[in-house]
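**Student:** Have a look at this one.
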Amino acid sequence: MTMKYRTFPHGGERASVIGFGMGSIHEAADAREIEAALELALDAGVNFFDLAPSEAAPYAPYGRVLALRRDDVLTQMHLGAVYGANGQYGWSRDLDAIKRQFARVLDTLQTDHTDFGIIHCMDEDDDFDAMQENGIWDYALELKRQGVIRNLGFSSHNPSVARRFLDTGLVDECMFSVNPAYDYSKGAYGRGRADERMDLYCACERDGVGIAVMKAFAGGQLLDAKTSPFGRALTKAQCIAYALDKPGVVTVLPGFRDAADVAEMLAFCDASEEERDYSVIGTFAPQEAEGRCVYCHHCQPCPEGIDVGMVNKYYDLARAGDDMAAGHYRKLALHAGDCAGCGHCDDRCPFGVRQSERMREIAAYFGE
C-alpha cells in the first residue's frame with residue numbers, strides 16, 4: 001500500500017489524499033482503540049488530521065499519539081466548535097468561548113500551533129456576518145500573523161458562502177462537502193446547483209485554496225441503496241475517487257471509528273481503476289448535469305492517447321480565470337487538436353458529453 005500526497009498551494013504542505021476525520025471516533029470502544037487507529041493511520045502514511053470530534057473525550061488520546069510525531073502530521077483545528085462541561089459538542093459564535101476552546105485543545109494536543117485553523121460551520125450569510133461582527137475573523141487573522149495558525153480556512157456546505165471567503169483573498173483552505181448526492185442537490189446539505197458547485201471547485205483551484213473534503217459518503221447514505229437518494233449504492237472507493245477528481249481537492253477526510261475502519265479506507269490506495277470507476281452516477285445524474293465533463297475518465301482509453309479528462313479540466317480552469325491552467329494544458333503530451341474525431345469518447349461518456357465536438361472547441365481556445 002502506497003499513500004499518495006497532494007500539495008496545498010499557498011503553504012506548500014504535502015497532505016495524504018486520505019486524511020483522518022474525527023467525527024465518529026467517539027464511537028470507538030475506548031481510548032486505547034482510538035490510539036491504535038491513529039497509529040495504524042500514521043504508519044500507513046496518513047498525515048492530515050481533522051480535530052472536531054462529536055464529543056471532547058478523544059482529544060486526550062489524540063494528544064498522546066500526535067505529540068510523539070508532531071513533525072509528521074498536519075493538524076486542522078476548528079474555531080467555533082466548542083464543548084460543554086459534559087464534553088458534548090456544540091458550536092458558538094462567541095469570541096471568548098472560541099478563544100478558551102482553542103487554547104484548551106492546543107494544550108491537550110501538546111502543541112503551540114495548528115497547521116490549519118478553520119472557521120467552523122459557515123453555512124449561511126448570517127454566519128459570515130456574525131464572524132466579522134463578533135471579532136472572530138480578526139482573531140483568526142491575528143493567530144495567523146503570530147504563526148499559531150499556519151494556514152487559514154473555513155468549513156461550509158454552501159457554495160455562495162464559500163465564495164464570500166474566497167473573495168477576501170485571505171484564505172488558504174476550504175473544508176467542503178463533496179459527493180455526487182450534494183453536487184446534484186440531493187439531501188439536506190445539497191446546497192447549490194451542480195454547475196455552481198463545480199464552478200466553486202474551479203475557483204478554489206484558480207485561487208490556490210486547497211479543498212479538504214468532508215462528507216464524501218453523504219453521512220453514509222450513499223453506501224446503502226436503501227438510504228441513497230439515487231436508490232443505488234456506491235462504494236467508498238467510488239466516492240473517494242469522485243471527490244479526488246474534483247478541481248482544487250487535496251485530501252478526503254472520511255470519518256473513522258476504529259482501526260478496522262482505517263484498514264478498510266486505506267484499501268483505496270490499492271483499489272483498481274475498475275473499483276474506483278464511479279461513472280455509474282451518469283445514469284442517475286439530473287438533467288442539468290448532462291453535457292458537462294466531470295473528469296471521470298470513463299471515456300478512456302482514447303485511441304489517439306489523449307487524456308480527455310485532463311484536457312477538459314484545464315479548459316474549465318482556464319475559463320474560470322486560472323492563469324496557470326493554459327501552461328499545464330500545453331505540457332500535456334497530446335492536446336485537443338490531436339483528436340481524430342472517431343467518436344469513441346462520445347459513445348462512452350455517461351454524462352452525454354459530445355467530447356469530439358468539445359475537443360474542437362478546446363483546440364480553438366488554446367490554439368492547439
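How things are named: the first chain in the C-alpha cells is A, the next is B, and so on; residues count from 1 in each chain; ligands count from 1 in the order shown.
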Residues within 12 Å of Phe49 of chain A, please, as a PyMOL selection string. Count only C-alpha atoms; anything in the same chain fewer than 4 positions from it doesn't count.
**Tutor:** chain A and resi 15-23+25+38+41-42+45+53+59+62-63+65-66+70+72-78+109+114-117+212+251-256
**Student:** Convert the current residue selection to file output with N, CA, C and O atoms, as a compact mmCIF listing (two decimals), in the first residue's frame.
**Tutor:**
```txt
# COMPACT_ATOMS: atom_id res chain seq x y z
N ALA A 15 -0.11 16.83 1.83
CA ALA A 15 -1.10 16.11 2.62
C ALA A 15 -1.45 14.79 1.97
O ALA A 15 -1.53 14.68 0.74
N SER A 16 -1.65 13.77 2.79
CA SER A 16 -2.09 12.47 2.28
C SER A 16 -3.47 12.63 1.67
O SER A 16 -4.32 13.36 2.19
N VAL A 17 -3.72 11.96 0.54
CA VAL A 17 -5.03 12.09 -0.12
C VAL A 17 -6.15 11.51 0.74
O VAL A 17 -7.31 11.89 0.61
N ILE A 18 -5.82 10.57 1.63
CA ILE A 18 -6.76 10.11 2.64
C ILE A 18 -6.35 10.72 3.96
O ILE A 18 -5.27 10.45 4.48
N GLY A 19 -7.19 11.60 4.50
CA GLY A 19 -6.95 12.19 5.80
C GLY A 19 -7.79 11.48 6.85
O GLY A 19 -8.52 10.53 6.56
N PHE A 20 -7.70 11.95 8.08
CA PHE A 20 -8.36 11.29 9.20
C PHE A 20 -9.46 12.20 9.74
O PHE A 20 -9.20 13.21 10.38
N GLY A 21 -10.72 11.83 9.46
CA GLY A 21 -11.85 12.55 10.02
C GLY A 21 -12.13 12.08 11.44
O GLY A 21 -12.01 10.90 11.75
N MET A 22 -12.52 12.99 12.30
CA MET A 22 -12.63 12.71 13.73
C MET A 22 -14.06 12.59 14.22
O MET A 22 -14.30 12.24 15.37
N GLY A 23 -15.02 12.88 13.35
CA GLY A 23 -16.39 12.99 13.81
C GLY A 23 -16.96 11.75 14.46
O GLY A 23 -17.80 11.84 15.37
N ILE A 25 -15.05 9.14 15.80
CA ILE A 25 -14.07 8.39 16.59
C ILE A 25 -14.55 8.12 18.01
O ILE A 25 -14.10 7.18 18.66
N LEU A 38 -5.17 5.62 15.33
CA LEU A 38 -4.28 6.71 14.93
C LEU A 38 -2.91 6.17 14.52
O LEU A 38 -2.33 6.61 13.51
N ALA A 41 -3.02 4.53 11.12
CA ALA A 41 -3.10 5.54 10.06
C ALA A 41 -1.74 6.20 9.84
O ALA A 41 -1.29 6.36 8.69
N LEU A 42 -1.07 6.58 10.92
CA LEU A 42 0.24 7.23 10.80
C LEU A 42 1.25 6.31 10.13
O LEU A 42 2.01 6.74 9.25
N GLY A 45 1.02 6.26 6.45
CA GLY A 45 1.31 7.49 5.72
C GLY A 45 0.24 8.56 5.79
O GLY A 45 0.38 9.62 5.17
N PRO A 53 -14.16 16.47 16.95
CA PRO A 53 -14.94 15.27 17.27
C PRO A 53 -16.35 15.63 17.71
O PRO A 53 -16.65 16.80 18.00
N TYR A 59 -9.92 13.93 22.45
CA TYR A 59 -8.76 14.83 22.38
C TYR A 59 -7.57 14.30 23.17
O TYR A 59 -6.42 14.44 22.75
N TYR A 62 -5.71 11.55 21.32
CA TYR A 62 -5.09 12.20 20.17
C TYR A 62 -3.80 12.90 20.60
O TYR A 62 -2.76 12.81 19.94
N GLY A 63 -3.88 13.63 21.72
CA GLY A 63 -2.71 14.35 22.20
C GLY A 63 -1.55 13.42 22.51
O GLY A 63 -0.39 13.73 22.19
N VAL A 65 -0.85 10.49 21.17
CA VAL A 65 -0.27 9.90 19.97
C VAL A 65 0.38 10.95 19.08
O VAL A 65 1.54 10.80 18.66
N LEU A 66 -0.32 12.03 18.79
CA LEU A 66 0.19 13.00 17.83
C LEU A 66 1.39 13.77 18.36
O LEU A 66 2.27 14.18 17.58
N ARG A 70 4.72 14.90 16.10
CA ARG A 70 4.17 16.20 15.70
C ARG A 70 4.72 16.68 14.36
O ARG A 70 4.00 17.26 13.55
N ASP A 72 5.43 14.99 11.87
CA ASP A 72 4.96 14.15 10.77
C ASP A 72 3.51 14.40 10.40
O ASP A 72 3.01 13.79 9.46
N VAL A 73 2.83 15.28 11.16
CA VAL A 73 1.38 15.42 10.96
C VAL A 73 1.00 16.86 10.67
O VAL A 73 1.70 17.81 11.03
N LEU A 74 -0.13 16.99 9.99
CA LEU A 74 -0.79 18.27 9.77
C LEU A 74 -2.09 18.27 10.55
O LEU A 74 -2.92 17.38 10.35
N THR A 75 -2.26 19.22 11.44
CA THR A 75 -3.48 19.29 12.24
C THR A 75 -4.41 20.36 11.70
O THR A 75 -3.96 21.40 11.20
N GLN A 76 -5.70 20.11 11.84
CA GLN A 76 -6.72 21.08 11.44
C GLN A 76 -7.66 21.30 12.61
O GLN A 76 -8.41 20.40 13.01
N MET A 77 -7.62 22.49 13.18
CA MET A 77 -8.47 22.85 14.31
C MET A 77 -9.57 23.80 13.88
O MET A 77 -9.39 24.59 12.96
N HIS A 78 -10.71 23.73 14.56
CA HIS A 78 -11.91 24.49 14.19
C HIS A 78 -12.18 25.60 15.20
O HIS A 78 -12.35 25.34 16.39
N LEU A 109 -3.33 18.82 23.01
CA LEU A 109 -2.55 18.22 21.93
C LEU A 109 -1.05 18.44 22.10
O LEU A 109 -0.26 17.97 21.29
N THR A 114 -1.40 25.16 15.16
CA THR A 114 -2.11 24.22 14.28
C THR A 114 -1.75 24.56 12.85
O THR A 114 -1.60 25.74 12.49
N ASP A 115 -1.59 23.54 12.04
CA ASP A 115 -1.19 23.77 10.65
C ASP A 115 -2.31 24.41 9.85
O ASP A 115 -2.06 25.21 8.94
N PHE A 116 -3.55 24.05 10.19
CA PHE A 116 -4.72 24.63 9.54
C PHE A 116 -5.72 25.03 10.62
O PHE A 116 -6.08 24.21 11.46
N GLY A 117 -6.13 26.27 10.60
CA GLY A 117 -7.16 26.75 11.52
C GLY A 117 -8.33 27.24 10.69
O GLY A 117 -8.17 28.12 9.84
N ALA A 212 -10.28 20.43 1.46
CA ALA A 212 -10.31 19.21 2.27
C ALA A 212 -11.76 18.75 2.30
O ALA A 212 -12.65 19.49 2.71
N THR A 251 -7.27 16.62 -0.16
CA THR A 251 -7.42 15.46 0.71
C THR A 251 -8.88 15.19 1.01
O THR A 251 -9.70 16.11 1.01
N VAL A 252 -9.20 13.92 1.24
CA VAL A 252 -10.56 13.49 1.60
C VAL A 252 -10.50 12.97 3.03
O VAL A 252 -9.61 12.18 3.39
N LEU A 253 -11.46 13.40 3.86
CA LEU A 253 -11.44 13.11 5.29
C LEU A 253 -12.61 12.24 5.72
O LEU A 253 -13.58 12.74 6.31
N PRO A 254 -12.57 10.95 5.44
CA PRO A 254 -13.65 10.08 5.92
C PRO A 254 -13.59 9.96 7.44
O PRO A 254 -12.53 10.09 8.05
N GLY A 255 -14.74 9.70 8.05
CA GLY A 255 -14.78 9.52 9.49
C GLY A 255 -14.37 8.11 9.87
O GLY A 255 -14.78 7.14 9.24
N PHE A 256 -13.55 7.98 10.91
CA PHE A 256 -13.09 6.68 11.39
C PHE A 256 -13.64 6.41 12.78
O PHE A 256 -13.71 7.32 13.61
```
**Student:** Skip segment 167-170 of chain A itself and residues of its chain fewer than 5 positions away, then list as a ChimeraX atom specification all residues within 9 Å of it, counting only C-alpha atoms.
**Tutor:** /A:141,152-153,162,207
**Student:** One decimal, Å: what's the distance from atom CA of Pro350 of chain A over to atom CA of Ser279 of chain A, could you say?
**Tutor:**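 These atoms are spaced 6.2 Å apart.
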**Student:** Within 12 Å of Asp338 of chain A, counting only C-alpha atoms, which residues qualify if same-chain residues fewer than 2 places away don't, as an mmCIF file with C-alpha atoms, in the first residue's frame?
**Tutor:**
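Okay, this is what ended up in out-v1.cif:
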```cif
data_model
loop_
_atom_site.group_PDB
_atom_site.id
_atom_site.type_symbol
_atom_site.label_atom_id
_atom_site.label_comp_id
_atom_site.auth_asym_id
_atom_site.auth_seq_id
_atom_site.Cartn_x
_atom_site.Cartn_y
_atom_site.Cartn_z
ATOM 1 C CA CYS A 302 -8.619 7.312 -26.161
ATOM 2 C CA PRO A 303 -7.485 5.626 -29.398
ATOM 3 C CA GLU A 304 -5.169 8.598 -30.026
ATOM 4 C CA GLY A 305 -3.828 8.590 -26.445
ATOM 5 C CA ILE A 306 -5.374 11.918 -25.368
ATOM 6 C CA ASP A 307 -6.041 12.346 -21.634
ATOM 7 C CA VAL A 308 -9.567 13.593 -22.264
ATOM 8 C CA VAL A 311 -7.852 18.310 -21.303
ATOM 9 C CA LEU A 332 0.263 17.549 -21.839
ATOM 10 C CA ALA A 333 1.738 15.062 -24.268
ATOM 11 C CA LEU A 334 -1.303 15.367 -26.560
ATOM 12 C CA HIS A 335 -3.823 18.164 -26.948
ATOM 13 C CA ALA A 336 -7.396 18.590 -28.077
ATOM 14 C CA ALA A 340 -9.251 12.312 -34.695
ATOM 15 C CA GLY A 341 -12.997 12.734 -34.148
ATOM 16 C CA CYS A 342 -13.585 8.984 -34.024
ATOM 17 C CA SER A 356 -15.416 15.113 -30.168
ATOM 18 C CA MET A 359 -12.198 18.810 -28.429
ATOM 19 C CA ARG A 360 -12.628 21.140 -31.410
ATOM 20 C CA ILE A 362 -10.915 23.389 -26.713
ATOM 21 C CA ALA A 363 -8.394 23.270 -29.560
ATOM 22 C CA ALA A 364 -9.723 26.575 -30.850
ATOM 23 C CA GLY A 367 -4.764 27.198 -30.363
ATOM 24 C CA GLU A 368 -3.658 23.554 -30.371
#
```
**Student:** Could you pull out the helix (DSSP H, G or I) residues of segment 106-345 of chain A from DSSP and send them as a VMD selection string?
**Tutor:** chain A and resid 106 to 108 125 to 133 136 to 146 159 to 168 180 to 183 194 to 207 221 to 223 236 to 244 259 to 270 273 to 276 279 to 283 287 to 289 308 to 319 325 to 330 336 to 338 344 to 345
**Student:** So what do you get for atom CA of Asp347 of chain A versus atom CA of Pro247 of chain A, distance-wise?
**Tutor:**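 Atom CA of Pro247 of chain A lies at a distance of 24.7 Å from atom CA of Asp347 of chain A.
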**Student:** Skipping near chain neighbours, those fewer than 3 positions away, what residues fall within 10 Å of segment 272-274 of chain A using only C-alpha atoms, listed as a list in words?
**Tutor:** Ala237, Gln238, Ala241, Phe268, Cys269, Asp277, Tyr278, His297 and His298 of chain A
**Student:** Quick one: residues within 12 Å of Ile119 of chain A, only C-alpha atoms, excluding same-chain residues fewer than 4 positions away - as a PyMOL selection string?
**Tutor:** chain A and resi 52+76-81+91-93+95+98+102+123+127-128+130-132+135-141+149+151-156+162+165+171-175
**Student:** Can I get the selection written as a compact mmCIF listing (two decimals), in the first residue's frame, with C-alpha atoms?
**Tutor:**
```
# COMPACT_ATOMS: atom_id res chain seq x y z
CA ALA A 52 -13.51 18.36 15.52
CA GLN A 76 -6.72 21.08 11.44
CA MET A 77 -8.47 22.85 14.31
CA HIS A 78 -11.91 24.49 14.19
CA LEU A 79 -12.61 27.97 15.54
CA GLY A 80 -16.23 27.69 16.64
CA ALA A 81 -16.52 24.04 17.68
CA TRP A 91 -20.82 25.40 18.08
CA SER A 92 -20.56 29.04 19.02
CA ARG A 93 -20.01 32.49 17.57
CA LEU A 95 -15.37 35.02 20.70
CA ILE A 98 -13.86 30.20 20.94
CA PHE A 102 -8.82 26.86 21.06
CA ASP A 123 -23.31 27.70 6.03
CA ASP A 127 -22.77 33.10 9.89
CA PHE A 128 -20.33 35.05 7.75
CA ALA A 130 -21.56 37.27 12.65
CA MET A 131 -17.97 36.08 12.21
CA GLN A 132 -16.94 39.57 11.19
CA GLY A 135 -14.32 39.71 16.03
CA ILE A 136 -13.77 36.05 15.10
CA TRP A 137 -12.31 36.89 11.71
CA ASP A 138 -9.89 39.43 13.16
CA TYR A 139 -8.90 36.92 15.86
CA ALA A 140 -8.17 34.27 13.23
CA LEU A 141 -6.12 36.70 11.17
CA ILE A 149 -2.36 29.19 12.72
CA ASN A 151 -2.99 28.27 7.15
CA LEU A 152 -6.40 29.93 7.46
CA GLY A 153 -9.59 28.35 6.19
CA PHE A 154 -13.27 27.67 6.76
CA SER A 155 -15.77 24.84 6.62
CA SER A 156 -19.02 25.13 4.70
CA ALA A 162 -17.68 29.80 0.33
CA PHE A 165 -14.48 33.69 1.80
CA VAL A 171 -7.95 32.03 2.89
CA ASP A 172 -5.70 29.06 2.20
CA GLU A 173 -8.12 26.18 2.64
CA CYS A 174 -11.77 25.30 2.21
CA MET A 175 -13.30 22.32 4.03
```
**Student:** Residues within 9 Å of Gly343 of chain A, please, as an MDAnalysis selection string. Count only C-alpha atoms; anything in the same chain fewer than 5 positions from it doesn't count.
**Tutor:** chainID A and resid 348 354:356
**Student:** Hey, what's within 7 Å of Tyr184 of chain A if we count only C-alpha atoms and toss same-chain stuff fewer than 3 positions away? As a list in words, please?
**Tutor:** Pro180, Ala181, Gly190, Arg193, Ala194, Ala285 and Pro286 of chain A
**Student:** Could the residues in this selection be written to a file with N, CA and C atoms, as a PDB file, in the first residue's frame?
**Tutor:**
```pdb
ATOM      1  N   PRO A 180     -21.485  13.041  -4.946  1.00  0.00           N
ATOM      2  CA  PRO A 180     -22.466  13.188  -6.024  1.00  0.00           C
ATOM      3  C   PRO A 180     -23.874  13.521  -5.551  1.00  0.00           C
ATOM      4  N   ALA A 181     -24.241  13.140  -4.328  1.00  0.00           N
ATOM      5  CA  ALA A 181     -25.573  13.491  -3.835  1.00  0.00           C
ATOM      6  C   ALA A 181     -25.692  15.002  -3.663  1.00  0.00           C
ATOM      7  N   GLY A 190     -27.286  19.515   0.224  1.00  0.00           N
ATOM      8  CA  GLY A 190     -27.109  19.672  -1.209  1.00  0.00           C
ATOM      9  C   GLY A 190     -27.368  21.102  -1.643  1.00  0.00           C
ATOM     10  N   ARG A 193     -26.613  24.493  -7.222  1.00  0.00           N
ATOM     11  CA  ARG A 193     -26.765  23.650  -8.402  1.00  0.00           C
ATOM     12  C   ARG A 193     -25.439  22.964  -8.732  1.00  0.00           C
ATOM     13  N   ALA A 194     -25.524  21.965  -9.589  1.00  0.00           N
ATOM     14  CA  ALA A 194     -24.323  21.220  -9.984  1.00  0.00           C
ATOM     15  C   ALA A 194     -23.279  22.150 -10.582  1.00  0.00           C
ATOM     16  N   ALA A 285     -27.703  11.036 -12.801  1.00  0.00           N
ATOM     17  CA  ALA A 285     -27.433  12.459 -12.665  1.00  0.00           C
ATOM     18  C   ALA A 285     -28.616  13.261 -13.209  1.00  0.00           C
ATOM     19  N   PRO A 286     -28.903  14.411 -12.617  1.00  0.00           N
ATOM     20  CA  PRO A 286     -30.022  15.225 -13.093  1.00  0.00           C
ATOM     21  C   PRO A 286     -29.757  15.824 -14.461  1.00  0.00           C
TER      22      PRO A 286
END
```
**Student:** Counting only C-alpha atoms, figure out which residue out of A:Cys349, A:Ala67, A:Ala60, A:Met122 gets nearest to Gln300 of chain A.
**Tutor:**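 For Gln300 of chain A, the nearest of the given residues is A:Cys349.
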**Student:** Considering only C-alpha atoms, state which residue in the set A:Lys186, A:Arg358, A:His10, A:Arg197 is at the smallest distance from Asp346 of chain A.
**Tutor:**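 Checking each candidate against Asp346 of chain A, we get A:Arg358 as the closest.
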**Student:** One decimal, Å: what's the distance from atom CA of Arg145 of chain A over to atom CA of Lys99 of chain A, could you say?
**Tutor:**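 Atom-to-atom, atom CA of Arg145 of chain A and atom CA of Lys99 of chain A are spaced 15.9 Å apart.
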**Student:** Using the chain letters and numbers from this document, which residues of segment 247-354 of chain A does DSSP assign to strand (DSSP E or B), as a list in words?
**Tutor:**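 DSSP-assigned strand (DSSP E or B) residues in segment 247-354 of chain A: Val249, Val250, Thr251, Val252 and Gly255 of chain A.
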**Student:** Please produce an output containing all heavy atoms for each residue in the selection, written as a PDB file, in the first residue's frame.
**Tutor:**
```pdb
ATOM      1  N   VAL A 249      -9.219  19.806  -5.008  1.00  0.00           N
ATOM      2  CA  VAL A 249      -9.246  18.874  -3.873  1.00  0.00           C
ATOM      3  C   VAL A 249      -7.837  18.362  -3.576  1.00  0.00           C
ATOM      4  O   VAL A 249      -7.132  17.894  -4.477  1.00  0.00           O
ATOM      5  CB  VAL A 249     -10.204  17.699  -4.143  1.00  0.00           C
ATOM      6  CG1 VAL A 249     -10.027  16.602  -3.090  1.00  0.00           C
ATOM      7  CG2 VAL A 249     -11.643  18.196  -4.152  1.00  0.00           C
ATOM      8  N   VAL A 250      -7.463  18.451  -2.301  1.00  0.00           N
ATOM      9  CA  VAL A 250      -6.161  17.972  -1.854  1.00  0.00           C
ATOM     10  C   VAL A 250      -6.302  16.673  -1.068  1.00  0.00           C
ATOM     11  O   VAL A 250      -5.549  15.726  -1.274  1.00  0.00           O
ATOM     12  CB  VAL A 250      -5.454  19.042  -0.984  1.00  0.00           C
ATOM     13  CG1 VAL A 250      -4.143  18.506  -0.419  1.00  0.00           C
ATOM     14  CG2 VAL A 250      -5.206  20.309  -1.797  1.00  0.00           C
ATOM     15  N   THR A 251      -7.272  16.618  -0.156  1.00  0.00           N
ATOM     16  CA  THR A 251      -7.415  15.456   0.710  1.00  0.00           C
ATOM     17  C   THR A 251      -8.883  15.187   1.006  1.00  0.00           C
ATOM     18  O   THR A 251      -9.703  16.107   1.007  1.00  0.00           O
ATOM     19  CB  THR A 251      -6.635  15.660   2.027  1.00  0.00           C
ATOM     20  OG1 THR A 251      -6.725  14.488   2.841  1.00  0.00           O
ATOM     21  CG2 THR A 251      -7.157  16.850   2.807  1.00  0.00           C
ATOM     22  N   VAL A 252      -9.203  13.917   1.236  1.00  0.00           N
ATOM     23  CA  VAL A 252     -10.557  13.488   1.603  1.00  0.00           C
ATOM     24  C   VAL A 252     -10.503  12.968   3.029  1.00  0.00           C
ATOM     25  O   VAL A 252      -9.609  12.184   3.386  1.00  0.00           O
ATOM     26  CB  VAL A 252     -11.071  12.383   0.655  1.00  0.00           C
ATOM     27  CG1 VAL A 252     -12.459  11.909   1.074  1.00  0.00           C
ATOM     28  CG2 VAL A 252     -11.104  12.904  -0.783  1.00  0.00           C
ATOM     29  N   GLY A 255     -14.745   9.701   8.049  1.00  0.00           N
ATOM     30  CA  GLY A 255     -14.785   9.520   9.490  1.00  0.00           C
ATOM     31  C   GLY A 255     -14.371   8.110   9.873  1.00  0.00           C
ATOM     32  O   GLY A 255     -14.783   7.138   9.236  1.00  0.00           O
TER      33      GLY A 255
END
```
